[in-house]
file model-v8.cif (mmCIF, C-alpha atoms and all ligand atoms)
data_structure
#
loop_
_atom_site.group_PDB
_atom_site.id
_atom_site.type_symbol
_atom_site.label_atom_id
_atom_site.label_comp_id
_atom_site.auth_asym_id
_atom_site.auth_seq_id
_atom_site.Cartn_x
_atom_site.Cartn_y
_atom_site.Cartn_z
ATOM 1 C CA MET A 252 102.380 91.794 95.576
ATOM 2 C CA SER A 253 103.204 92.215 99.190
ATOM 3 C CA GLY A 254 104.163 95.625 100.485
ATOM 4 C CA LEU A 255 107.716 96.840 100.819
ATOM 5 C CA PRO A 256 108.783 96.723 104.479
ATOM 6 C CA THR A 257 110.021 100.017 105.935
ATOM 7 C CA ALA A 258 111.585 98.410 109.029
ATOM 8 C CA GLY A 259 115.251 99.323 109.025
ATOM 9 C CA ALA A 260 114.794 102.032 106.382
ATOM 10 C CA SER A 261 117.091 104.948 107.127
ATOM 11 C CA GLY A 262 117.668 106.814 103.881
ATOM 12 C CA PRO A 263 116.956 110.532 103.558
ATOM 13 C CA VAL A 264 113.403 111.656 102.760
ATOM 14 C CA TRP A 265 112.568 114.765 100.766
ATOM 15 C CA LEU A 266 110.061 116.645 102.928
ATOM 16 C CA ASP A 267 108.571 120.090 102.356
ATOM 17 C CA GLY A 268 111.505 121.586 100.512
ATOM 18 C CA GLY A 269 114.575 119.585 101.481
ATOM 19 C CA LEU A 270 116.099 116.330 102.615
ATOM 20 C CA VAL A 271 115.601 115.163 106.193
ATOM 21 C CA GLU A 272 116.547 111.976 108.007
ATOM 22 C CA TRP A 273 114.047 109.126 107.728
ATOM 23 C CA GLU A 274 113.142 109.418 111.427
ATOM 24 C CA ARG A 275 112.296 113.120 111.078
ATOM 25 C CA ALA A 276 109.822 112.659 108.210
ATOM 26 C CA ARG A 277 106.740 112.797 110.463
ATOM 27 C CA LEU A 278 103.345 114.478 110.312
ATOM 28 C CA HIS A 279 101.117 115.946 112.998
ATOM 29 C CA ALA A 280 98.293 113.829 114.428
ATOM 30 C CA ALA A 281 95.829 116.616 113.580
ATOM 31 C CA SER A 282 96.578 116.310 109.847
ATOM 32 C CA PHE A 283 93.545 116.573 107.602
ATOM 33 C CA GLY A 284 95.199 114.059 105.301
ATOM 34 C CA LEU A 285 95.113 111.507 108.102
ATOM 35 C CA HIS A 286 91.579 112.149 109.399
ATOM 36 C CA ASN A 287 89.806 112.871 106.121
ATOM 37 C CA ALA A 288 91.980 111.149 103.501
ATOM 38 C CA GLY A 289 93.042 114.441 101.947
ATOM 39 C CA CYS A 290 96.035 112.615 100.573
ATOM 40 C CA VAL A 291 97.339 111.562 97.172
ATOM 41 C CA PHE A 292 100.410 109.591 96.254
ATOM 42 C CA GLU A 293 102.414 107.909 93.529
ATOM 43 C CA GLY A 294 104.593 104.873 93.133
ATOM 44 C CA ILE A 295 107.570 105.163 90.810
ATOM 45 C CA ARG A 296 110.130 102.494 89.931
ATOM 46 C CA VAL A 297 113.767 103.450 89.599
ATOM 47 C CA TYR A 298 115.694 101.344 87.092
ATOM 48 C CA GLY A 299 119.464 101.782 86.904
ATOM 49 C CA GLY A 300 119.211 104.989 88.955
ATOM 50 C CA ARG A 301 116.520 106.559 86.704
ATOM 51 C CA PRO A 302 112.883 107.009 87.730
ATOM 52 C CA PHE A 303 110.730 105.508 84.964
ATOM 53 C CA GLU A 304 108.040 107.819 83.517
ATOM 54 C CA LEU A 305 108.827 110.483 86.108
ATOM 55 C CA ARG A 306 106.970 113.278 84.301
ATOM 56 C CA ARG A 307 103.773 111.244 83.920
ATOM 57 C CA HIS A 308 103.804 110.247 87.594
ATOM 58 C CA CYS A 309 104.316 113.885 88.612
ATOM 59 C CA GLU A 310 101.479 114.968 86.333
ATOM 60 C CA ARG A 311 99.199 112.329 87.837
ATOM 61 C CA LEU A 312 100.093 113.364 91.386
ATOM 62 C CA SER A 313 99.197 116.931 90.547
ATOM 63 C CA ALA A 314 95.953 115.882 88.828
ATOM 64 C CA SER A 315 95.052 113.620 91.782
ATOM 65 C CA ALA A 316 95.452 116.550 94.187
ATOM 66 C CA GLY A 317 93.334 118.697 91.880
ATOM 67 C CA ALA A 318 90.624 116.028 91.853
ATOM 68 C CA LEU A 319 90.502 116.226 95.664
ATOM 69 C CA GLY A 320 90.384 120.030 95.496
ATOM 70 C CA PHE A 321 93.890 121.003 96.541
ATOM 71 C CA GLU A 322 97.057 122.109 94.804
ATOM 72 C CA LEU A 323 100.553 120.773 95.269
ATOM 73 C CA PRO A 324 102.887 123.285 96.941
ATOM 74 C CA CYS A 325 105.159 123.298 93.872
ATOM 75 C CA GLY A 326 105.121 122.956 90.111
ATOM 76 C CA LEU A 327 105.978 119.886 88.073
ATOM 77 C CA GLY A 328 109.635 120.853 87.578
ATOM 78 C CA GLU A 329 110.208 121.235 91.300
ATOM 79 C CA LEU A 330 108.358 118.009 91.996
ATOM 80 C CA GLU A 331 110.586 116.159 89.542
ATOM 81 C CA ARG A 332 113.650 117.673 91.183
ATOM 82 C CA ALA A 333 112.407 116.614 94.621
ATOM 83 C CA VAL A 334 112.068 113.008 93.434
ATOM 84 C CA LEU A 335 115.454 113.084 91.730
ATOM 85 C CA ASP A 336 117.107 114.606 94.822
ATOM 86 C CA ALA A 337 115.624 111.878 97.001
ATOM 87 C CA VAL A 338 116.723 109.163 94.565
ATOM 88 C CA THR A 339 120.258 110.554 94.322
ATOM 89 C CA ALA A 340 120.563 110.990 98.096
ATOM 90 C CA ASN A 341 119.479 107.386 98.671
ATOM 91 C CA GLY A 342 121.807 106.022 96.014
ATOM 92 C CA HIS A 343 119.954 102.811 95.157
ATOM 93 C CA ALA A 344 120.136 101.858 91.493
ATOM 94 C CA GLU A 345 116.955 99.775 91.829
ATOM 95 C CA ALA A 346 114.366 101.474 93.983
ATOM 96 C CA TYR A 347 110.756 102.418 94.555
ATOM 97 C CA VAL A 348 109.822 106.047 95.173
ATOM 98 C CA ARG A 349 106.674 107.037 97.015
ATOM 99 C CA PRO A 350 105.847 110.715 96.514
ATOM 100 C CA VAL A 351 102.952 111.690 98.780
ATOM 101 C CA ALA A 352 101.037 114.942 99.297
ATOM 102 C CA TRP A 353 98.605 115.585 102.118
ATOM 103 C CA GLN A 354 96.577 118.337 103.678
ATOM 104 C CA GLY A 355 97.932 119.681 106.939
ATOM 105 C CA ASP A 356 96.963 120.155 110.562
ATOM 106 C CA GLU A 357 95.450 123.661 110.702
ATOM 107 C CA VAL A 358 91.818 122.512 110.821
ATOM 108 C CA ILE A 359 89.874 119.644 112.332
ATOM 109 C CA GLY A 360 86.560 119.199 110.549
ATOM 110 C CA ILE A 361 85.245 118.373 107.141
ATOM 111 C CA ASP A 362 86.100 121.570 105.301
ATOM 112 C CA PRO A 363 89.843 121.593 104.543
ATOM 113 C CA HIS A 364 89.807 125.324 103.818
ATOM 114 C CA GLY A 365 92.948 126.863 105.279
ATOM 115 C CA THR A 366 95.029 123.725 105.464
ATOM 116 C CA SER A 367 98.582 123.741 104.200
ATOM 117 C CA VAL A 368 99.731 121.087 101.744
ATOM 118 C CA HIS A 369 102.737 118.926 102.544
ATOM 119 C CA LEU A 370 104.839 116.961 100.130
ATOM 120 C CA ALA A 371 107.285 114.138 100.705
ATOM 121 C CA ALA A 372 109.221 111.678 98.558
ATOM 122 C CA LEU A 373 110.364 108.444 100.190
ATOM 123 C CA VAL A 374 112.767 106.011 98.558
ATOM 124 C CA LEU A 375 113.094 102.331 99.354
ATOM 125 C CA PRO A 376 115.539 99.899 97.789
ATOM 126 C CA TRP A 377 113.787 97.536 95.395
ATOM 127 C CA PRO A 378 114.243 94.044 96.810
ATOM 128 C CA GLU A 379 115.803 91.325 94.702
ATOM 129 C CA ARG A 380 113.069 88.737 94.703
ATOM 130 C CA PRO A 381 112.121 86.078 92.211
ATOM 131 C CA ARG A 382 109.184 87.103 90.030
ATOM 132 C CA ALA A 383 105.982 85.281 91.033
ATOM 133 C CA SER A 384 105.353 82.831 88.207
ATOM 134 C CA GLY A 385 101.603 83.332 88.154
ATOM 135 C CA VAL A 386 99.289 84.926 90.687
ATOM 136 C CA THR A 387 95.780 83.868 91.649
ATOM 137 C CA LEU A 388 92.814 86.245 91.754
ATOM 138 C CA ALA A 389 89.667 85.983 93.854
ATOM 139 C CA GLN A 390 86.548 87.931 92.962
ATOM 140 C CA SER A 391 85.911 90.493 95.660
ATOM 141 C CA ARG A 392 82.587 91.520 97.100
ATOM 142 C CA TRP A 393 84.044 95.028 97.409
ATOM 143 C CA ARG A 394 83.452 97.172 94.346
ATOM 144 C CA ARG A 395 85.628 99.884 92.892
ATOM 145 C CA ALA A 396 83.867 103.162 93.786
ATOM 146 C CA PRO A 397 81.739 104.610 90.981
ATOM 147 C CA ALA A 398 82.716 107.953 89.471
ATOM 148 C CA ASP A 399 80.031 109.763 91.495
ATOM 149 C CA VAL A 400 81.422 108.439 94.794
ATOM 150 C CA LEU A 401 85.163 109.088 94.404
ATOM 151 C CA PRO A 402 87.164 110.634 91.548
ATOM 152 C CA PRO A 403 88.263 107.534 89.595
ATOM 153 C CA GLY A 404 91.390 108.959 87.955
ATOM 154 C CA ALA A 405 92.865 110.080 91.268
ATOM 155 C CA LYS A 406 95.508 107.978 92.941
ATOM 156 C CA ALA A 407 94.111 109.026 96.278
ATOM 157 C CA SER A 408 94.254 107.331 99.680
ATOM 158 C CA CYS A 409 90.471 107.060 99.888
ATOM 159 C CA HIS A 410 90.434 104.423 97.106
ATOM 160 C CA TYR A 411 92.814 102.193 99.019
ATOM 161 C CA VAL A 412 90.339 101.513 101.797
ATOM 162 C CA THR A 413 88.445 99.415 99.257
ATOM 163 C CA GLY A 414 91.665 97.950 97.891
ATOM 164 C CA ALA A 415 92.875 96.901 101.344
ATOM 165 C CA LEU A 416 89.532 95.327 102.279
ATOM 166 C CA ALA A 417 89.471 93.424 99.002
ATOM 167 C CA LEU A 418 93.065 92.261 99.328
ATOM 168 C CA ARG A 419 92.554 91.067 102.899
ATOM 169 C CA GLU A 420 89.529 89.065 101.835
ATOM 170 C CA ALA A 421 91.360 87.570 98.842
ATOM 171 C CA ARG A 422 94.337 86.576 100.989
ATOM 172 C CA ALA A 423 92.024 84.979 103.550
ATOM 173 C CA ALA A 424 90.584 82.916 100.689
ATOM 174 C CA GLY A 425 94.118 81.720 99.817
ATOM 175 C CA CYS A 426 94.541 83.905 96.729
ATOM 176 C CA ASP A 427 97.249 86.448 95.938
ATOM 177 C CA ASP A 428 95.081 89.360 94.889
ATOM 178 C CA ALA A 429 91.511 90.529 94.506
ATOM 179 C CA LEU A 430 89.542 91.254 91.379
ATOM 180 C CA LEU A 431 87.239 94.214 91.896
ATOM 181 C CA LEU A 432 84.158 94.734 89.779
ATOM 182 C CA ASP A 433 82.499 98.094 89.399
ATOM 183 C CA ARG A 434 78.973 98.920 90.536
ATOM 184 C CA ARG A 435 77.600 97.761 87.132
ATOM 185 C CA GLY A 436 79.217 94.332 87.431
ATOM 186 C CA TYR A 437 81.996 94.986 84.927
ATOM 187 C CA VAL A 438 85.590 94.059 85.698
ATOM 188 C CA ALA A 439 87.459 97.094 87.065
ATOM 189 C CA GLU A 440 90.949 96.105 88.261
ATOM 190 C CA ALA A 441 92.936 94.282 90.931
ATOM 191 C CA SER A 442 93.706 95.868 94.321
ATOM 192 C CA GLY A 443 96.712 97.758 92.969
ATOM 193 C CA ALA A 444 97.041 96.847 89.307
ATOM 194 C CA ASN A 445 95.177 96.920 86.001
ATOM 195 C CA LEU A 446 94.003 93.767 84.285
ATOM 196 C CA PHE A 447 94.356 92.494 80.726
ATOM 197 C CA VAL A 448 92.719 89.539 78.984
ATOM 198 C CA VAL A 449 94.181 87.824 75.923
ATOM 199 C CA ARG A 450 91.567 86.081 73.792
ATOM 200 C CA GLY A 451 91.922 84.825 70.242
ATOM 201 C CA GLY A 452 95.173 86.763 69.862
ATOM 202 C CA ALA A 453 93.569 90.107 70.825
ATOM 203 C CA VAL A 454 94.479 91.989 73.977
ATOM 204 C CA LEU A 455 91.482 93.341 75.896
ATOM 205 C CA THR A 456 91.386 95.588 78.929
ATOM 206 C CA PRO A 457 88.557 97.290 80.801
ATOM 207 C CA ILE A 458 87.764 100.873 79.837
ATOM 208 C CA ALA A 459 89.415 102.863 82.621
ATOM 209 C CA ASP A 460 86.382 104.961 83.513
ATOM 210 C CA VAL A 461 86.247 103.614 87.066
ATOM 211 C CA ALA A 462 89.621 101.912 87.474
ATOM 212 C CA LEU A 463 92.851 103.874 87.691
ATOM 213 C CA ASP A 464 94.200 104.440 84.192
ATOM 214 C CA GLY A 465 97.613 103.067 85.096
ATOM 215 C CA ILE A 466 100.776 104.416 83.543
ATOM 216 C CA THR A 467 101.962 100.829 83.046
ATOM 217 C CA ARG A 468 98.583 100.047 81.438
ATOM 218 C CA GLN A 469 99.100 102.873 78.941
ATOM 219 C CA THR A 470 102.696 101.792 78.302
ATOM 220 C CA VAL A 471 101.704 98.158 77.729
ATOM 221 C CA ILE A 472 98.861 99.141 75.377
ATOM 222 C CA ALA A 473 101.367 101.125 73.311
ATOM 223 C CA LEU A 474 103.932 98.280 73.387
ATOM 224 C CA ALA A 475 101.314 95.730 72.313
ATOM 225 C CA ARG A 476 100.118 97.913 69.425
ATOM 226 C CA ARG A 477 103.711 98.490 68.353
ATOM 227 C CA ARG A 478 104.096 94.713 68.168
ATOM 228 C CA GLY A 479 101.108 94.512 65.824
ATOM 229 C CA LEU A 480 98.680 93.165 68.409
ATOM 230 C CA THR A 481 95.037 94.246 68.396
ATOM 231 C CA VAL A 482 94.225 96.020 71.654
ATOM 232 C CA ARG A 483 90.679 96.907 72.620
ATOM 233 C CA GLU A 484 89.456 98.783 75.679
ATOM 234 C CA GLU A 485 86.011 97.384 76.383
ATOM 235 C CA ARG A 486 83.570 96.272 79.062
ATOM 236 C CA LEU A 487 84.576 92.895 80.469
ATOM 237 C CA LEU A 488 82.559 90.555 82.655
ATOM 238 C CA PRO A 489 83.879 87.932 85.099
ATOM 239 C CA GLU A 490 82.986 85.247 82.479
ATOM 240 C CA ASP A 491 85.501 86.862 80.123
ATOM 241 C CA LEU A 492 88.241 86.130 82.643
ATOM 242 C CA ARG A 493 87.294 82.497 82.963
ATOM 243 C CA ALA A 494 87.245 82.140 79.167
ATOM 244 C CA ALA A 495 90.567 83.914 78.634
ATOM 245 C CA ASP A 496 93.546 82.338 76.868
ATOM 246 C CA GLU A 497 95.843 84.465 79.020
ATOM 247 C CA LEU A 498 95.429 86.994 81.795
ATOM 248 C CA PHE A 499 97.923 89.434 83.182
ATOM 249 C CA LEU A 500 98.144 92.401 85.516
ATOM 250 C CA THR A 501 100.056 95.626 84.983
ATOM 251 C CA GLY A 502 101.379 98.139 87.495
ATOM 252 C CA THR A 503 104.479 100.045 88.449
ATOM 253 C CA ALA A 504 105.362 97.486 91.123
ATOM 254 C CA CYS A 505 104.264 94.236 89.460
ATOM 255 C CA GLU A 506 105.213 95.390 85.910
ATOM 256 C CA VAL A 507 103.581 92.754 83.660
ATOM 257 C CA GLN A 508 102.458 89.943 85.941
ATOM 258 C CA PRO A 509 100.946 86.699 84.583
ATOM 259 C CA VAL A 510 97.799 85.403 86.275
ATOM 260 C CA ALA A 511 97.697 81.637 86.813
ATOM 261 C CA ALA A 512 94.093 81.329 87.998
ATOM 262 C CA ALA A 513 91.171 83.687 88.310
ATOM 263 C CA LEU A 514 87.840 83.253 90.041
ATOM 264 C CA GLY A 515 88.560 79.588 90.658
ATOM 265 C CA ALA A 516 89.494 78.750 87.038
ATOM 266 C CA ALA A 517 93.054 77.886 86.031
ATOM 267 C CA LEU A 518 94.402 79.665 82.974
ATOM 268 C CA PRO A 519 96.269 77.718 80.258
ATOM 269 C CA GLU A 520 99.960 77.388 81.093
ATOM 270 C CA GLU A 521 101.025 78.679 77.702
ATOM 271 C CA ASN A 522 101.056 82.494 77.689
ATOM 272 C CA PRO A 523 103.039 83.656 74.647
ATOM 273 C CA VAL A 524 101.476 87.127 74.422
ATOM 274 C CA THR A 525 102.089 87.817 78.106
ATOM 275 C CA ARG A 526 105.662 86.601 77.820
ATOM 276 C CA SER A 527 106.336 88.819 74.812
ATOM 277 C CA LEU A 528 104.951 91.841 76.680
ATOM 278 C CA ILE A 529 107.019 91.018 79.768
ATOM 279 C CA ALA A 530 110.099 91.001 77.526
ATOM 280 C CA ALA A 531 109.088 94.245 75.790
ATOM 281 C CA TYR A 532 108.430 96.007 79.104
ATOM 282 C CA ARG A 533 111.708 94.780 80.540
ATOM 283 C CA GLU A 534 113.582 96.017 77.498
ATOM 284 C CA LEU A 535 111.893 99.426 77.697
ATOM 285 C CA THR A 536 112.462 99.951 81.409
ATOM 286 C CA ARG A 537 116.048 98.747 81.368
ATOM 287 C CA ALA A 538 116.961 100.600 78.157
ATOM 288 C CA GLY A 539 120.099 102.721 78.150
HETATM 289 N N1 LIG B 1 95.146 100.405 89.894
HETATM 290 C C1 LIG B 1 95.427 100.714 91.167
HETATM 291 C C2 LIG B 1 94.315 100.741 92.158
HETATM 292 C C3 LIG B 1 96.741 100.984 91.556
HETATM 293 O O1 LIG B 1 97.023 101.266 92.833
HETATM 294 C C4 LIG B 1 97.767 100.936 90.602
HETATM 295 C C5 LIG B 1 99.184 101.205 91.012
HETATM 296 N N2 LIG B 1 99.475 102.566 90.948
HETATM 297 C C6 LIG B 1 97.432 100.628 89.272
HETATM 298 C C7 LIG B 1 96.114 100.372 88.951
HETATM 299 C C8 LIG B 1 98.487 100.613 88.212
HETATM 300 O O2 LIG B 1 98.915 101.935 87.981
HETATM 301 P P1 LIG B 1 100.395 102.250 87.479
HETATM 302 O O3 LIG B 1 100.599 101.406 86.282
HETATM 303 O O4 LIG B 1 100.351 103.701 87.166
HETATM 304 O O5 LIG B 1 101.310 101.887 88.578
#

call {"tool": "encode", "arguments": {"input": "model-v8.cif", "output": "structure tokens"}}
result
Amino acid sequence: MSGLPTAGASGPVWLDGGLVEWERARLHAASFGLHNAGCVFEGIRVYGGRPFELRRHCERLSASAGALGFELPCGLGELERAVLDAVTANGHAEAYVRPVAWQGDEVIGIDPHGTSVHLAALVLPWPERPRASGVTLAQSRWRRAPADVLPPGAKASCHYVTGALALREARAAGCDDALLLDRRGYVAEASGANLFVVRGGAVLTPIADVALDGITRQTVIALARRRGLTVREERLLPEDLRAADELFLTGTACEVQPVAAALGAALPEENPVTRSLIAAYRELTRAG
């Protein structure tokens, strides 16, 4: 789950109403979004030229801005068109789109009143890389912010300070990703993905009251139920991960990603439920 490099990227970027060259998609150093994290974003996968779950990502971007107290400069239809224009202009069949909205440079201070709102959509080709067979998770000392510290449903830059600290620590410990608990000690999520446990044939996932309620998470819950699996959203403790039959992560970028070891304990190599959900997700995203 390493980041996508932007070195060498040159495709057009949709910025504030139209397409501009990659090099011209810049913001001012006084931007409120930069100083005060007045910034929200999305990650969207493009499969066969089509952005997957475009409407839901646009709705979440708008809701994330609302949670931080600002409005996007356009409605959902225009936002969708901006993403589609950027995707078409870049021409990659397999891609990742990063829509981002931030508060502008009219004010330096804490009160963003009077700032403009900027909107961009960047497109990067999705690299052909072999799927990681199973990732390892280290328990982080950093906790996902409680709902009275940061708005939990918002995909907002402020949350990713915690995510980046946790990921750095996990990588330093030789693991691929971090497992973040919430303030109460319950399992929240990984640095940029939701977590699922398979135990006794049932699929369990933390209640998303603190974690981001991922679009992939919702899709996989629906796919699992459609396949007759029992899915429960419930409080999970670190012990539940060690006792799991299978563990997997979900997210736009990692899709359905098996976990090979968590918190120092190796998971069983057999993961039939995970494999069936990987196949179901692949079929859905690559459908017609
Ligand atoms: N949690 C966090 C912190 C994330 O950054 C992401 C990726 N957007 C997810 C969960 C998964 O969300 P989605 O399935 O909507 O990509």

call {"tool": "resolve_selection", "arguments": {"input": "model-v8.cif", "expression": "the PyMOL selection byres (((chain A and resi 518) around 10) and not hetatm)", "output": "ChimeraX atom specification"}}
result
/A:385,387,492-498,509-513,515-517,519-522

call {"tool": "resolve_selection", "arguments": {"input": "model-v8.cif", "expression": "the PyMOL selection byres (((chain A and resi 414-422) around 9) and not hetatm)", "output": "list in words"}}
result
Leu388, Ala389, Gln390, Ser391, Arg392, Trp393, Arg394, Arg395, His410, Tyr411, Val412, Thr413, Ala423, Ala424, Gly425, Cys426, Asp427, Asp428, Ala429, Leu430, Leu431, Ala441, Ser442 and Gly443 of chain A

call {"tool": "resolve_selection", "arguments": {"input": "model-v8.cif", "expression": "the PyMOL selection byres (((not hetatm)) within 9 of (chain B and resi 1))", "output": "JSON, numbers by chain"}}
result
{"A": [292, 293, 294, 295, 296, 307, 308, 311, 395, 406, 407, 410, 411, 414, 439, 440, 441, 442, 443, 444, 445, 446, 462, 463, 464, 465, 466, 467, 468, 469, 470, 500, 501, 502, 503, 504, 505, 506]}

call {"tool": "atom_distance", "arguments": {"input": "model-v8.cif", "atom1": "CA of Ser313 (chain A)", "atom2": "CA of Ala340 (chain A)"}}
result
23.4 Å

call {"tool": "closest_residue", "arguments": {"input": "model-v8.cif", "among": "A:Glu322, A:Val482, A:Ala473, A:Leu488", "to": "Asp433 (chain A)", "atoms": "only C-alpha atoms"}}
result
A:Leu488

call {"tool": "closest_residue", "arguments": {"input": "model-v8.cif", "among": "A:Glu534, A:Gly451, A:Ala346, A:Ala396", "to": "Arg434 (chain A)", "atoms": "only C-alpha atoms"}}
result
A:Ala396

call {"tool": "residues_around", "arguments": {"input": "model-v8.cif", "residues": "Glu484 (chain A)", "least_positions_apart": "2", "cutoff": "7 Å", "atoms": "all atoms listed in the file", "output": "number ranges by chain"}}
result
A: 455-458, 482

call {"tool": "write_last_selection", "arguments": {"input": "model-v8.cif", "atoms": "C-alpha atoms", "output": "tab-separated table (two decimals), in the coordinates of the input"}}
result
chain	number	residue	atom	x	y	z
A	455	LEU	CA	91.48	93.34	75.90
A	456	THR	CA	91.39	95.59	78.93
A	457	PRO	CA	88.56	97.29	80.80
A	458	ILE	CA	87.76	100.87	79.84
A	482	VAL	CA	94.22	96.02	71.65

call {"tool": "residues_around", "arguments": {"input": "model-v8.cif", "residues": "Arg306 (chain A)", "least_positions_apart": "6", "cutoff": "10 Å", "atoms": "all atoms listed in the file", "output": "ChimeraX atom specification"}}
result
/A:312,327-328,330-331

call {"tool": "axis_aligned_box", "arguments": {"input": "model-v8.cif", "around": "region 332-335 of chain A", "padding_each_side": "4 Å", "output": "lines of an AutoDock Vina configuration file"}}
result
center_x = 113.8
center_y = 115.3
center_z = 92.9
size_x = 11.4
size_y = 12.7
size_z = 11.4

call {"tool": "atom_distance", "arguments": {"input": "model-v8.cif", "atom1": "CA of Val368 (chain A)", "atom2": "CA of Gly269 (chain A)"}}
result
14.9 Å

call {"tool": "residues_around", "arguments": {"input": "model-v8.cif", "residues": "Trp265 (chain A)", "least_positions_apart": "4", "cutoff": "8 Å", "atoms": "all atoms listed in the file", "output": "list in words"}}
result
Gly269, Leu270, Val271, Ala333, Val334, Asp336, Ala337, Ala371, Ala372 and Leu373 of chain A

call {"tool": "atom_distance", "arguments": {"input": "model-v8.cif", "atom1": "CA of Gly259 (chain A)", "atom2": "CA of Pro350 (chain A)"}}
result
19.4 Å

call {"tool": "residues_near_point", "arguments": {"input": "model-v8.cif", "point": "(103.7, 85.9, 71.1)", "cutoff": "12 Å", "atoms": "all atoms listed in the file", "output": "list in words"}}
result
Val449, Gly451, Gly452, Ala453, Val454, Ala475, Arg478, Gly479, Leu480, Glu497, Glu521, Asn522, Pro523, Val524, Thr525, Arg526, Ser527, Leu528, Ile529, Ala530 and Ala531 of chain A

call {"tool": "closest_residue", "arguments": {"input": "model-v8.cif", "among": "A:Ser261, A:Ser253, A:Gln508, A:Ser315", "to": "Asn341 (chain A)", "atoms": "all atoms listed in the file"}}
result
A:Ser261

call {"tool": "residues_near_point", "arguments": {"input": "model-v8.cif", "point": "(91.4, 124.7, 96.4)", "cutoff": "10 Å", "atoms": "only C-alpha atoms", "output": "count of residues only"}}
result
11

call {"tool": "closest_residue", "arguments": {"input": "model-v8.cif", "among": "A:Val438, A:Val358, A:Ala398, A:Val507", "to": "Leu285 (chain A)", "atoms": "all atoms listed in the file"}}
result
A:Val358

call {"tool": "decode", "arguments": {"input": "model-v8.cif", "residues": "region 493-497 of chain A", "atoms": "all heavy atoms", "output": "PDB file, in the first residue's frame"}}
result
ATOM      1  N   ARG A 493      -6.250 -11.608  16.624  1.00  0.00           N
ATOM      2  CA  ARG A 493      -5.326 -12.743  16.804  1.00  0.00           C
ATOM      3  C   ARG A 493      -6.065 -14.068  16.699  1.00  0.00           C
ATOM      4  O   ARG A 493      -5.498 -15.072  16.298  1.00  0.00           O
ATOM      5  CB  ARG A 493      -4.629 -12.640  18.172  1.00  0.00           C
ATOM      6  CG  ARG A 493      -3.667 -11.463  18.255  1.00  0.00           C
ATOM      7  CD  ARG A 493      -2.715 -11.609  19.437  1.00  0.00           C
ATOM      8  NE  ARG A 493      -1.964 -10.372  19.614  1.00  0.00           N
ATOM      9  CZ  ARG A 493      -2.362  -9.359  20.382  1.00  0.00           C
ATOM     10  NH1 ARG A 493      -3.483  -9.424  21.071  1.00  0.00           N
ATOM     11  NH2 ARG A 493      -1.624  -8.274  20.477  1.00  0.00           N
ATOM     12  N   ALA A 494      -7.348 -14.077  17.059  1.00  0.00           N
ATOM     13  CA  ALA A 494      -8.123 -15.323  17.051  1.00  0.00           C
ATOM     14  C   ALA A 494      -8.872 -15.532  15.736  1.00  0.00           C
ATOM     15  O   ALA A 494      -9.663 -16.467  15.613  1.00  0.00           O
ATOM     16  CB  ALA A 494      -9.129 -15.295  18.206  1.00  0.00           C
ATOM     17  N   ALA A 495      -8.624 -14.670  14.764  1.00  0.00           N
ATOM     18  CA  ALA A 495      -9.409 -14.743  13.519  1.00  0.00           C
ATOM     19  C   ALA A 495      -9.015 -15.957  12.678  1.00  0.00           C
ATOM     20  O   ALA A 495      -7.876 -16.411  12.708  1.00  0.00           O
ATOM     21  CB  ALA A 495      -9.185 -13.473  12.707  1.00  0.00           C
ATOM     22  N   ASP A 496      -9.975 -16.452  11.899  1.00  0.00           N
ATOM     23  CA  ASP A 496      -9.664 -17.479  10.888  1.00  0.00           C
ATOM     24  C   ASP A 496      -9.067 -16.799   9.656  1.00  0.00           C
ATOM     25  O   ASP A 496      -8.216 -17.351   8.974  1.00  0.00           O
ATOM     26  CB  ASP A 496     -10.939 -18.219  10.462  1.00  0.00           C
ATOM     27  CG  ASP A 496     -11.604 -18.925  11.632  1.00  0.00           C
ATOM     28  OD1 ASP A 496     -10.873 -19.374  12.534  1.00  0.00           O
ATOM     29  OD2 ASP A 496     -12.856 -19.000  11.652  1.00  0.00           O
ATOM     30  N   GLU A 497      -9.590 -15.623   9.352  1.00  0.00           N
ATOM     31  CA  GLU A 497      -9.101 -14.843   8.211  1.00  0.00           C
ATOM     32  C   GLU A 497      -9.231 -13.363   8.561  1.00  0.00           C
ATOM     33  O   GLU A 497     -10.109 -12.991   9.343  1.00  0.00           O
ATOM     34  CB  GLU A 497      -9.964 -15.092   6.956  1.00  0.00           C
ATOM     35  CG  GLU A 497     -10.053 -16.527   6.523  1.00  0.00           C
ATOM     36  CD  GLU A 497     -10.987 -16.716   5.320  1.00  0.00           C
ATOM     37  OE1 GLU A 497     -11.053 -15.826   4.453  1.00  0.00           O
ATOM     38  OE2 GLU A 497     -11.651 -17.761   5.268  1.00  0.00           O
TER      39      GLU A 497
END
